[in-house]
$ cat coords.txt   # compact mmCIF, C-alpha atoms and all ligand atoms
# COMPACT_ATOMS: atom_id res chain seq x y z
CA MET K 144 39.74 15.06 -58.45
CA LEU K 145 41.86 15.38 -61.58
CA ASP K 146 40.24 16.24 -64.86
CA LEU K 147 41.45 13.64 -67.32
CA SER K 148 38.65 14.16 -69.85
CA GLU K 149 40.98 15.74 -72.42
CA PHE K 150 43.06 12.54 -72.49
CA GLY K 151 40.31 10.40 -74.00
CA VAL K 152 40.40 7.98 -71.09
CA GLU K 153 36.65 7.31 -71.21
CA GLY K 154 36.36 3.56 -71.78
CA TYR K 155 40.10 2.98 -71.18
CA PHE K 156 40.61 -0.34 -69.39
CA ASP K 157 44.31 -0.96 -69.97
CA TYR K 158 45.94 0.76 -67.00
CA ASN K 159 48.22 -2.22 -66.36
CA ALA K 160 49.84 -1.43 -69.73
CA THR K 161 50.18 2.31 -69.14
CA ALA K 162 48.38 5.28 -67.59
CA PRO K 163 47.88 8.75 -69.06
CA MET K 164 50.29 11.37 -67.74
CA ILE K 165 48.52 13.33 -65.02
CA PRO K 166 48.46 17.16 -65.37
CA GLU K 167 50.86 17.64 -62.41
CA ALA K 168 53.39 15.32 -64.05
CA ARG K 169 53.03 17.07 -67.39
CA ALA K 170 53.59 20.45 -65.72
CA ALA K 171 56.66 19.12 -63.88
CA TRP K 172 58.03 17.60 -67.09
CA TRP K 173 57.68 20.83 -69.06
CA GLU K 174 58.97 23.07 -66.28
CA THR K 175 62.06 20.87 -65.88
CA GLU K 176 62.73 20.74 -69.62
CA ARG K 177 62.32 24.52 -69.81
CA ARG K 178 64.44 25.48 -66.81
CA HIS K 179 66.85 22.57 -66.34
CA TRP K 180 67.57 21.16 -69.77
CA GLN K 181 71.33 21.18 -69.19
CA ASN K 182 73.28 18.00 -68.55
CA PRO K 183 73.42 17.53 -64.75
CA SER K 184 76.99 16.22 -65.08
CA SER K 185 78.33 19.42 -66.71
CA LEU K 186 80.30 21.86 -64.61
CA TYR K 187 78.79 25.35 -65.19
CA ARG K 188 76.30 27.02 -62.88
CA GLU K 189 73.09 26.07 -64.74
CA ALA K 190 74.11 22.41 -64.89
CA GLY K 191 74.74 22.58 -61.16
CA ALA K 192 71.12 23.64 -60.66
CA ALA K 193 69.97 20.65 -62.72
CA LYS K 194 72.19 18.38 -60.60
CA ARG K 195 70.72 19.84 -57.40
CA LEU K 196 67.20 19.21 -58.66
CA LEU K 197 68.16 15.63 -59.52
CA GLU K 198 69.51 15.06 -56.01
CA ASP K 199 66.44 16.69 -54.42
CA LEU K 200 64.21 14.34 -56.40
CA ARG K 201 66.36 11.38 -55.32
CA GLU K 202 65.97 12.41 -51.69
CA GLU K 203 62.22 12.84 -52.10
CA LEU K 204 61.87 9.38 -53.64
CA ALA K 205 63.95 7.91 -50.81
CA ASP K 206 61.63 9.63 -48.31
CA PHE K 207 58.54 8.03 -49.88
CA PHE K 208 60.07 4.64 -49.09
CA GLU K 209 61.43 5.75 -45.70
CA ILE K 210 65.00 5.26 -46.87
CA ASP K 211 67.62 7.34 -45.03
CA ASP K 212 70.35 7.14 -47.64
CA PRO K 213 69.30 8.66 -51.02
CA GLU K 214 72.25 6.88 -52.68
CA ARG K 215 70.14 3.75 -52.44
CA VAL K 216 67.95 5.20 -55.22
CA VAL K 217 69.12 4.54 -58.80
CA PHE K 218 67.13 6.28 -61.53
CA THR K 219 66.77 4.25 -64.72
CA SER K 220 64.87 4.47 -68.01
CA GLY K 221 62.07 2.21 -66.73
CA ALA K 222 61.32 -1.16 -65.21
CA THR K 223 62.61 -3.22 -68.14
CA GLU K 224 66.10 -1.80 -67.73
CA THR K 225 65.87 -2.17 -63.95
CA ASN K 226 64.71 -5.80 -64.02
CA ASN K 227 67.31 -6.76 -66.64
CA ALA K 228 70.03 -5.20 -64.49
CA VAL K 229 68.89 -6.83 -61.24
CA ILE K 230 68.90 -10.29 -62.81
CA ARG K 231 72.34 -9.71 -64.34
CA HIS K 232 73.51 -8.55 -60.91
CA PHE K 233 72.07 -11.69 -59.26
CA ALA K 234 73.72 -13.82 -61.96
CA GLU K 235 77.06 -12.18 -61.09
CA ILE K 236 76.48 -12.92 -57.40
CA ALA K 237 75.63 -16.53 -58.29
CA THR K 238 78.89 -17.05 -60.15
CA THR K 239 81.38 -14.96 -58.12
CA ASP K 240 84.52 -16.85 -57.18
CA GLY K 241 83.24 -19.92 -58.98
CA GLU K 242 80.42 -20.15 -56.44
CA ARG K 243 77.58 -22.47 -57.49
CA GLY K 244 74.62 -20.58 -56.12
CA ARG K 245 70.99 -20.73 -57.19
CA VAL K 246 68.57 -17.83 -57.60
CA LEU K 247 64.89 -18.39 -56.71
CA ILE K 248 62.44 -16.69 -59.09
CA SER K 249 58.67 -16.89 -59.22
CA CYS K 250 57.37 -18.47 -62.42
CA ILE K 251 55.13 -15.43 -63.00
CA GLU K 252 57.69 -12.66 -63.38
CA HIS K 253 57.22 -10.03 -66.09
CA PRO K 254 59.03 -10.92 -69.37
CA SER K 255 61.61 -8.17 -68.66
CA GLU K 256 62.78 -10.42 -65.84
CA ALA K 257 61.90 -13.87 -67.20
CA ALA K 258 63.86 -13.29 -70.43
CA ALA K 259 66.84 -11.99 -68.43
CA VAL K 260 66.72 -15.15 -66.30
CA ALA K 261 66.71 -17.32 -69.45
CA LYS K 262 69.78 -15.46 -70.73
CA TRP K 263 71.87 -14.93 -67.60
CA LEU K 264 70.75 -17.72 -65.27
CA PRO K 265 70.49 -20.70 -67.58
CA GLY K 266 69.89 -24.26 -66.47
CA LYS K 267 70.13 -25.08 -62.81
CA LYS K 268 71.19 -21.59 -61.71
CA ALA K 269 67.54 -20.52 -61.50
CA HIS K 270 64.90 -22.33 -59.49
CA PHE K 271 61.34 -21.40 -60.45
CA LEU K 272 58.76 -21.06 -57.69
CA ASP K 273 55.39 -22.48 -58.79
CA ILE K 274 52.03 -20.89 -58.11
CA ASP K 275 48.73 -22.40 -57.02
CA PRO K 276 46.50 -22.14 -60.13
CA LEU K 277 43.46 -21.25 -58.01
CA THR K 278 44.97 -18.43 -55.98
CA GLY K 279 47.71 -17.45 -58.44
CA MET K 280 50.15 -17.18 -55.51
CA ILE K 281 53.56 -18.63 -54.76
CA ASP K 282 54.00 -20.48 -51.46
CA PRO K 283 56.49 -18.95 -48.98
CA CYS K 284 57.00 -22.46 -47.51
CA GLU K 285 58.66 -23.47 -50.79
CA VAL K 286 61.00 -20.48 -50.44
CA ALA K 287 61.87 -21.52 -46.86
CA GLU K 288 62.54 -25.12 -47.97
CA GLU K 289 64.78 -24.03 -50.84
CA ILE K 290 66.71 -21.59 -48.63
CA ALA K 291 67.26 -24.42 -46.12
CA ARG K 292 69.21 -26.32 -48.81
CA GLY K 293 71.95 -23.74 -48.36
CA ASP K 294 72.80 -22.77 -51.94
CA VAL K 295 70.32 -19.93 -52.56
CA VAL K 296 72.13 -16.64 -53.19
CA ALA K 297 69.21 -14.36 -54.19
CA VAL K 298 65.40 -14.38 -54.50
CA SER K 299 63.03 -12.43 -56.74
CA VAL K 300 59.23 -12.41 -56.42
CA ILE K 301 56.94 -9.94 -58.19
CA ALA K 302 54.75 -7.87 -55.81
CA ALA K 303 51.58 -7.90 -57.95
CA ASN K 304 51.30 -9.74 -61.24
CA ASN K 305 50.51 -7.58 -64.26
CA GLU K 306 48.34 -10.22 -65.97
CA THR K 307 46.25 -11.76 -63.16
CA GLY K 308 46.59 -8.85 -60.72
CA VAL K 309 47.28 -11.40 -57.96
CA LEU K 310 49.29 -10.03 -55.03
CA GLN K 311 52.21 -12.14 -53.92
CA PRO K 312 53.36 -12.68 -50.30
CA TRP K 313 56.47 -10.61 -50.99
CA ALA K 314 56.76 -9.21 -47.44
CA GLU K 315 56.82 -12.73 -45.99
CA VAL K 316 59.43 -13.85 -48.51
CA ALA K 317 61.47 -10.69 -47.81
CA THR K 318 61.52 -11.56 -44.10
CA LEU K 319 62.71 -15.11 -44.85
CA CYS K 320 65.49 -13.68 -47.02
CA HIS K 321 66.53 -11.05 -44.48
CA GLU K 322 66.74 -13.71 -41.76
CA ALA K 323 68.97 -15.81 -44.00
CA GLY K 324 71.04 -12.81 -45.17
CA ILE K 325 70.01 -13.33 -48.81
CA PRO K 326 69.32 -10.43 -51.24
CA PHE K 327 65.61 -10.07 -52.08
CA HIS K 328 64.15 -8.30 -55.10
CA THR K 329 60.56 -7.43 -55.88
CA ASP K 330 59.18 -5.96 -59.10
CA ALA K 331 56.65 -3.57 -57.55
CA VAL K 332 55.62 -1.83 -60.79
CA GLN K 333 51.94 -2.76 -60.44
CA TRP K 334 51.91 -2.37 -56.65
CA ILE K 335 53.28 1.16 -56.31
CA GLY K 336 50.50 3.71 -56.60
CA ARG K 337 47.86 1.14 -55.71
CA PHE K 338 48.86 0.05 -52.21
CA SER K 339 50.89 1.38 -49.31
CA LEU K 340 54.64 1.69 -49.84
CA ASP K 341 55.13 0.52 -46.27
CA LYS K 342 58.00 -2.01 -45.84
CA LEU K 343 58.94 -1.96 -49.54
CA GLY K 344 62.13 0.01 -49.00
CA ALA K 345 63.18 -2.01 -45.94
CA GLY K 346 66.26 -3.81 -47.14
CA ASN K 347 65.05 -4.90 -50.55
CA TYR K 348 65.89 -4.40 -54.18
CA VAL K 349 62.69 -2.80 -55.58
CA THR K 350 61.73 -2.02 -59.19
CA GLY K 351 59.38 0.88 -60.02
CA SER K 352 58.23 2.57 -63.23
CA GLY K 353 56.92 6.11 -63.81
CA HIS K 354 54.42 5.57 -66.60
CA LYS K 355 52.25 3.09 -64.68
CA LEU K 356 51.65 5.85 -62.12
CA GLY K 357 50.68 8.59 -64.53
CA GLY K 358 54.22 9.98 -64.56
CA GLY K 359 54.90 9.50 -68.28
CA LYS K 360 57.35 7.24 -70.05
CA GLY K 361 61.14 7.24 -69.82
CA ALA K 362 61.87 7.03 -66.10
CA GLY K 363 61.95 4.24 -63.56
CA PHE K 364 64.03 3.37 -60.56
CA LEU K 365 65.69 0.72 -58.47
CA LEU K 366 65.90 0.83 -54.69
CA LEU K 367 69.01 -0.86 -53.37
CA PRO K 368 69.17 -2.57 -49.97
CA GLU K 369 71.21 -0.78 -47.29
CA LYS K 370 73.58 -3.72 -47.12
CA GLU K 371 75.35 -4.00 -50.47
CA ALA K 372 75.98 -7.41 -51.98
CA ARG K 373 79.63 -8.40 -52.41
CA VAL K 374 79.27 -7.64 -56.13
CA PRO K 375 78.50 -3.94 -56.77
CA PHE K 376 75.28 -3.25 -58.68
CA HIS K 377 75.36 -1.45 -62.00
CA SER K 378 72.91 -1.14 -64.85
CA LEU K 379 74.39 0.59 -67.93
CA ILE K 380 78.15 1.11 -67.90
CA GLY K 381 80.34 3.82 -69.42
CA GLY K 382 79.81 6.90 -67.26
CA PRO K 383 79.87 8.01 -63.62
CA GLN K 384 76.19 8.97 -63.36
CA GLU K 385 73.97 7.64 -60.55
CA ASN K 386 76.95 7.16 -58.25
CA GLY K 387 78.54 4.87 -60.83
CA ARG K 388 75.56 2.53 -60.90
CA ARG K 389 73.94 3.60 -64.14
CA ALA K 390 75.71 5.42 -66.96
CA GLY K 391 73.89 7.80 -69.32
CA THR K 392 72.57 11.34 -69.13
CA GLU K 393 69.73 11.40 -66.63
CA ASN K 394 66.23 12.00 -68.06
CA LEU K 395 65.57 14.80 -65.59
CA PRO K 396 62.16 15.92 -66.97
CA ALA K 397 60.84 12.34 -66.85
CA ILE K 398 62.25 11.84 -63.34
CA ALA K 399 60.56 15.08 -62.18
CA ALA K 400 57.28 13.92 -63.76
CA MET K 401 57.53 10.53 -62.04
CA LEU K 402 58.00 12.24 -58.68
CA ALA K 403 55.02 14.53 -59.35
CA ALA K 404 52.91 11.42 -59.98
CA LEU K 405 54.17 9.74 -56.79
CA ARG K 406 53.40 12.89 -54.81
CA ASN K 407 49.88 12.83 -56.18
CA GLN K 408 49.45 9.16 -55.22
CA GLU K 409 50.55 9.94 -51.71
CA GLU K 410 48.01 12.69 -51.43
CA SER K 411 45.04 10.90 -52.90
CA SER K 412 43.22 8.42 -50.77
CA LEU K 413 44.23 4.99 -51.96
CA GLU K 414 41.94 3.12 -49.61
CA SER K 415 38.71 4.68 -50.80
CA VAL K 416 39.80 4.29 -54.45
CA ALA K 417 40.56 0.61 -53.75
CA ARG K 418 37.16 0.08 -52.14
CA GLN K 419 35.24 1.80 -54.94
CA GLN K 420 37.11 0.26 -57.85
CA SER K 421 37.17 -3.29 -56.46
CA ALA K 422 33.39 -3.11 -55.84
CA LEU K 423 32.81 -2.01 -59.45
CA ARG K 424 35.18 -4.69 -60.77
CA ASP K 425 33.48 -7.39 -58.64
CA GLU K 426 30.03 -6.37 -59.92
CA PHE K 427 31.33 -6.49 -63.49
CA GLU K 428 32.78 -9.97 -62.95
CA ALA K 429 29.60 -11.30 -61.30
CA ARG K 430 27.52 -10.10 -64.25
CA MET K 431 29.96 -11.53 -66.79
CA VAL K 432 29.97 -14.93 -65.06
CA ARG K 433 26.16 -14.93 -64.81
CA GLU K 434 25.25 -13.64 -68.26
CA LEU K 435 28.24 -14.52 -70.42
CA GLY K 436 29.58 -17.64 -68.73
CA VAL K 437 33.14 -16.30 -68.41
CA ARG K 438 35.74 -17.77 -66.04
CA VAL K 439 37.60 -15.33 -63.81
CA LEU K 440 41.26 -16.13 -63.14
CA GLY K 441 43.00 -15.53 -59.81
CA GLN K 442 39.77 -14.93 -57.92
CA GLY K 443 40.92 -17.28 -55.16
CA GLY K 444 43.78 -14.97 -54.17
CA PRO K 445 44.16 -11.34 -53.08
CA ARG K 446 44.18 -9.14 -56.18
CA LEU K 447 44.92 -5.62 -57.34
CA TRP K 448 41.70 -3.64 -57.04
CA ASN K 449 41.72 -2.74 -60.72
CA THR K 450 42.40 -6.00 -62.57
CA SER K 451 40.11 -8.64 -64.04
CA LEU K 452 41.45 -11.48 -66.16
CA ILE K 453 38.63 -13.41 -67.81
CA VAL K 454 38.40 -16.43 -70.10
CA LEU K 455 35.56 -16.06 -72.60
CA SER K 456 33.58 -19.15 -73.53
CA GLN K 457 33.79 -18.61 -77.28
CA GLU K 458 35.65 -16.77 -80.08
CA LYS K 459 39.21 -15.45 -80.11
CA ASN K 460 40.09 -12.57 -77.79
CA VAL K 461 41.34 -10.43 -80.69
CA LYS K 462 37.83 -10.45 -82.20
CA TRP K 463 36.31 -9.28 -78.91
CA LEU K 464 39.07 -6.71 -78.54
CA ALA K 465 38.47 -5.27 -82.04
CA ARG K 466 34.70 -5.06 -81.51
CA LEU K 467 35.12 -3.46 -78.10
CA SER K 468 37.54 -1.00 -79.67
CA GLN K 469 34.90 -0.07 -82.29
CA ARG K 470 32.56 0.71 -79.38
CA GLY K 471 35.14 2.89 -77.61
CA TYR K 472 36.53 0.41 -75.07
CA ALA K 473 40.24 -0.35 -74.79
CA VAL K 474 41.15 -3.69 -73.20
CA SER K 475 44.05 -6.11 -73.54
CA THR K 476 44.61 -9.76 -74.38
CA GLY K 477 47.10 -9.81 -71.50
CA SER K 478 50.47 -11.07 -72.55
CA ALA K 479 48.78 -14.10 -74.01
CA CYS K 480 49.06 -15.38 -77.52
CA SER K 481 46.61 -13.62 -79.77
CA ALA K 482 44.50 -15.54 -82.24
CA GLY K 483 46.71 -18.58 -81.74
CA ARG K 484 49.90 -16.66 -82.61
CA GLY K 485 52.83 -15.60 -80.47
CA ASN K 486 54.45 -17.15 -77.43
CA PRO K 487 52.19 -18.70 -74.85
CA SER K 488 52.02 -16.69 -71.63
CA ALA K 489 54.02 -18.33 -68.83
CA VAL K 490 51.64 -16.77 -66.31
CA MET K 491 48.53 -18.20 -67.93
CA ALA K 492 50.20 -21.58 -68.37
CA ALA K 493 50.96 -21.53 -64.64
CA MET K 494 47.28 -20.70 -64.03
CA GLY K 495 46.46 -23.97 -65.81
CA LEU K 496 45.33 -22.63 -69.20
CA ASP K 497 46.10 -24.46 -72.42
CA TYR K 498 47.16 -22.68 -75.61
CA GLU K 499 43.64 -22.53 -77.04
CA GLU K 500 42.18 -21.08 -73.82
CA MET K 501 44.91 -18.43 -73.73
CA GLY K 502 43.52 -17.17 -77.04
CA ARG K 503 40.18 -16.45 -75.33
CA VAL K 504 41.55 -14.34 -72.48
CA LEU K 505 40.85 -10.64 -71.95
CA ARG K 506 42.59 -8.49 -69.37
CA ILE K 507 40.60 -5.55 -68.09
CA SER K 508 42.39 -3.03 -65.87
CA SER K 509 40.79 0.16 -64.60
CA GLY K 510 42.25 3.40 -63.28
CA PRO K 511 41.58 5.29 -60.05
CA GLN K 512 38.88 7.37 -61.72
CA THR K 513 37.12 4.81 -63.88
CA LYS K 514 33.40 5.48 -63.45
CA ALA K 515 30.57 3.04 -62.67
CA GLU K 516 29.00 3.94 -66.05
CA GLU K 517 32.16 2.85 -67.83
CA TRP K 518 32.16 -0.55 -66.10
CA VAL K 519 28.46 -1.02 -66.93
CA GLY K 520 29.06 0.21 -70.49
CA LEU K 521 31.86 -2.33 -70.88
CA SER K 522 29.69 -5.23 -69.72
CA ASP K 523 26.79 -4.03 -71.94
CA ALA K 524 29.21 -3.91 -74.89
CA LEU K 525 30.49 -7.44 -74.21
CA LEU K 526 26.92 -8.76 -73.99
CA SER K 527 25.88 -7.01 -77.19
CA ILE K 528 28.95 -8.42 -79.03
CA SER K 529 28.04 -11.91 -77.80
CA ARG K 530 24.65 -11.58 -79.50
CA GLU K 531 26.04 -10.49 -82.88
N1 LIG K 601 57.21 -5.19 -64.67
C1 LIG K 601 55.87 -5.21 -64.67
C2 LIG K 601 55.15 -5.97 -63.59
C3 LIG K 601 55.16 -4.54 -65.67
O1 LIG K 601 53.82 -4.57 -65.65
C4 LIG K 601 55.88 -3.83 -66.67
C5 LIG K 601 55.15 -3.11 -67.78
N2 LIG K 601 54.22 -3.89 -68.45
C6 LIG K 601 57.28 -3.84 -66.63
C7 LIG K 601 57.91 -4.54 -65.61
C8 LIG K 601 58.10 -3.09 -67.65
O2 LIG K 601 57.97 -1.73 -67.38
P1 LIG K 601 58.52 -0.55 -68.33
O3 LIG K 601 57.45 -0.32 -69.34
O4 LIG K 601 58.73 0.60 -67.41
O5 LIG K 601 59.79 -1.02 -68.93
$ encode --input "coords.txt" --output "structure tokens" --more "lines below"
Ligand code: PMP
Amino acid sequence: MLDLSEFGVEGYFDYNATAPMIPEARAAWWETERRHWQNPSSLYREAGAAKRLLEDLREELADFFEIDDPERVVFTSGATETNNAVIRHFAEIATTDGERGRVLISCIEHPSEAAAVAKWLPGKKAHFLDIDPLTGMIDPCEVAEEIARGDVVAVSVIAANNETGVLQPWAEVATLCHEAGIPFHTDAVQWIGRFSLDKLGAGNYVTGSGHKLGGGKGAGFLLLPEKEARVPFHSLIGGPQENGRRAGTENLPAIAAMLAALRNQEESSLESVARQQSALRDEFEARMVRELGVRVLGQGGPRLWNTSLIVLSQEKNVKWLARLSQRGYAVSTGSACSAGRGNPSAVMAAMGLDYEEMGRVLRISSGPQTKAEEWVGLSDALLSISRE
């Protein structure tokens, strides 16, 4: 069991936003910065050692996903860059040779993808897959029907939504795409480190991010399918790094830290963590429904074991958040509008919430070591605030 006490994680319920860097990742980061700070693309001996480390880490990441060819791993600065680049790539596929193809996208993608779709796949080039507001899930039958129309050139469905925590039937959709020979992408940022990596690497474009795993900020990755699309993938341009797929000096310390965090996830027992944390989360939700009259979103579908998205019956979420913060609890308003300001959340709108309700939403997301006392403390704090 890791000792995270020095990080001040007691009462931290915002793991879907970021996780503290685990000690193994911090050690790997520092060791890499100390011993391999040279530019891996330079030609002297020390830079060669940095390059070898980079390629070893690429191979190790490929192994985690049971990928034979490490060149299918592209290191990036994080999931925002990766998602932006995948959508731009799909937009290029959709317009190559004047082709009029459509890209299917779930309506609950992270903004790093949704905004890229608005920019690069305007109008009829993107078809949005709806969700069922009770389960929070897309329907693979809709994907099959759209593919049958013959003009779908790529599909993207998030693996686990960051706001509701609802898991999507990505493996089923991937199979439909593979059978039709269509590229499939999944943003697996919230999935990796919480569930098995099984099948993720099998022929898909996959987005991952280091800091959600306890690997620190500044590194992410894209897995490419073994069969390249007609249009070559690239993220940033202007240099030969990452086999020509992403220009820019590699952030080797952050990549090493991300791998250290992945290694740790592999070693720790995900199933028992999932059982323990989901039981604590379910108890918390039952008490909040009973004693505070909250509504829980996405309960009808399979969810991440750490996430609870609740609609409070009164007062703006920012007030609750500030009072919880005074009591030592860190939660989130989700990506929703706060206090009636900001853009409405597309995810919450798809879950059937109106603008006013979105302002009463709190997202609570635990970590693998969140203790029962913290969950009880959080519900006690919410009840005491409600009586103020
Ligand atoms: N996708 C999902 C599902 C996310 O939760 C996040 C982070 N909130 C991102 C993408 C963006 O990740 P990063 O911070 O690595 O850019």
$ residues_near_ligand --input "coords.txt" --ligand "ligand LIG 601 (chain K)" --cutoff "7 Å" --atoms "only C-alpha atoms and all ligand atoms" --output "PyMOL selection string"
chain K and resi 159-160+221-224+253+255+301+303-305+330-333+352-354+363
$ closest_atom_pairs --input "coords.txt" --of "segment 452-509 of chain K" --to "segment 161-165 of chain K" --cutoff "12 Å" --atoms "all atoms listed in the file" --output "Markdown table"
| residue | atom | partner | partner_atom | distance |
| --- | --- | --- | --- | --- |
| K:Ala473 | CA | K:Thr161 | CA | 11.7 |
| K:Val474 | CA | K:Thr161 | CA | 11.6 |
| K:Ser475 | CA | K:Thr161 | CA | 11.3 |
| K:Ser508 | CA | K:Thr161 | CA | 10.0 |
| K:Ser509 | CA | K:Ala162 | CA | 9.6 |
$ closest_atom_pairs --input "coords.txt" --of "segment 278-392 of chain K" --to "segment 401-418 of chain K" --cutoff "10 Å" --atoms "only C-alpha atoms" --output "Markdown table"
| residue | atom | partner | partner_atom | distance |
| --- | --- | --- | --- | --- |
| K:Ile335 | CA | K:Leu405 | CA | 8.6 |
| K:Gly336 | CA | K:Gln408 | CA | 5.7 |
| K:Arg337 | CA | K:Leu413 | CA | 6.5 |
| K:Phe338 | CA | K:Leu413 | CA | 6.8 |
| K:Ser339 | CA | K:Leu413 | CA | 8.0 |
| K:Leu340 | CA | K:Glu409 | CA | 9.4 |
| K:Ser352 | CA | K:Met401 | CA | 8.1 |
| K:Gly353 | CA | K:Met401 | CA | 4.8 |
| K:His354 | CA | K:Met401 | CA | 7.4 |
| K:Lys355 | CA | K:Met401 | CA | 9.5 |
| K:Leu356 | CA | K:Ala404 | CA | 6.1 |
| K:Gly357 | CA | K:Ala404 | CA | 5.8 |
| K:Gly358 | CA | K:Met401 | CA | 4.2 |
| K:Gly359 | CA | K:Met401 | CA | 6.8 |
| K:Lys360 | CA | K:Met401 | CA | 8.7 |
| K:Gly361 | CA | K:Met401 | CA | 9.2 |
| K:Ala362 | CA | K:Met401 | CA | 6.9 |
| K:Gly363 | CA | K:Met401 | CA | 7.8 |
| K:Phe364 | CA | K:Met401 | CA | 9.8 |
$ write_last_selection --input "coords.txt" --atoms "C-alpha atoms" --output "CSV table (one decimal), keeping the file's coordinate frame"
chain,number,residue,atom,x,y,z
K,335,ILE,CA,53.3,1.2,-56.3
K,336,GLY,CA,50.5,3.7,-56.6
K,337,ARG,CA,47.9,1.1,-55.7
K,338,PHE,CA,48.9,0.0,-52.2
K,339,SER,CA,50.9,1.4,-49.3
K,340,LEU,CA,54.6,1.7,-49.8
K,352,SER,CA,58.2,2.6,-63.2
K,353,GLY,CA,56.9,6.1,-63.8
K,354,HIS,CA,54.4,5.6,-66.6
K,355,LYS,CA,52.2,3.1,-64.7
K,356,LEU,CA,51.6,5.8,-62.1
K,357,GLY,CA,50.7,8.6,-64.5
K,358,GLY,CA,54.2,10.0,-64.6
K,359,GLY,CA,54.9,9.5,-68.3
K,360,LYS,CA,57.4,7.2,-70.0
K,361,GLY,CA,61.1,7.2,-69.8
K,362,ALA,CA,61.9,7.0,-66.1
K,363,GLY,CA,62.0,4.2,-63.6
K,364,PHE,CA,64.0,3.4,-60.6
$ atom_distance --input "coords.txt" --atom1 "atom CA of Ser451 of chain K" --atom2 "atom CA of Ala515 of chain K"
15.1 Å
$ closest_residue --input "coords.txt" --among "K:Arg446, K:Glu531, K:Ile398, K:Asn182" --to "Gln311 of chain K" --atoms "only C-alpha atoms"
K:Arg446
$ residues_around --input "coords.txt" --residues "Asp282 of chain K" --least-positions-apart "2" --cutoff "9 Å" --atoms "all atoms listed in the file" --output "compact mmCIF listing (two decimals) with C-alpha atoms, in the frame of the given file"
# COMPACT_ATOMS: atom_id res chain seq x y z
CA LEU K 272 58.76 -21.06 -57.69
CA ASP K 273 55.39 -22.48 -58.79
CA ILE K 274 52.03 -20.89 -58.11
CA ASP K 275 48.73 -22.40 -57.02
CA MET K 280 50.15 -17.18 -55.51
CA CYS K 284 57.00 -22.46 -47.51
CA GLU K 285 58.66 -23.47 -50.79
CA VAL K 286 61.00 -20.48 -50.44
CA GLN K 311 52.21 -12.14 -53.92
CA PRO K 312 53.36 -12.68 -50.30
$ closest_residue --input "coords.txt" --among "K:Gly154, K:Gly266, K:Gly443, K:Gly471" --to "Glu516 of chain K" --atoms "only C-alpha atoms"
K:Gly154
$ atom_distance --input "coords.txt" --atom1 "atom CA of Arg231 of chain K" --atom2 "atom CA of Trp263 of chain K"
6.2 Å
$ closest_residue --input "coords.txt" --among "K:Ala465, K:Pro445, K:Met494, K:Arg188" --to "Gly308 of chain K" --atoms "all atoms listed in the file"
K:Pro445
$ atom_distance --input "coords.txt" --atom1 "atom CA of Val300 of chain K" --atom2 "atom CA of Pro326 of chain K"
11.5 Å
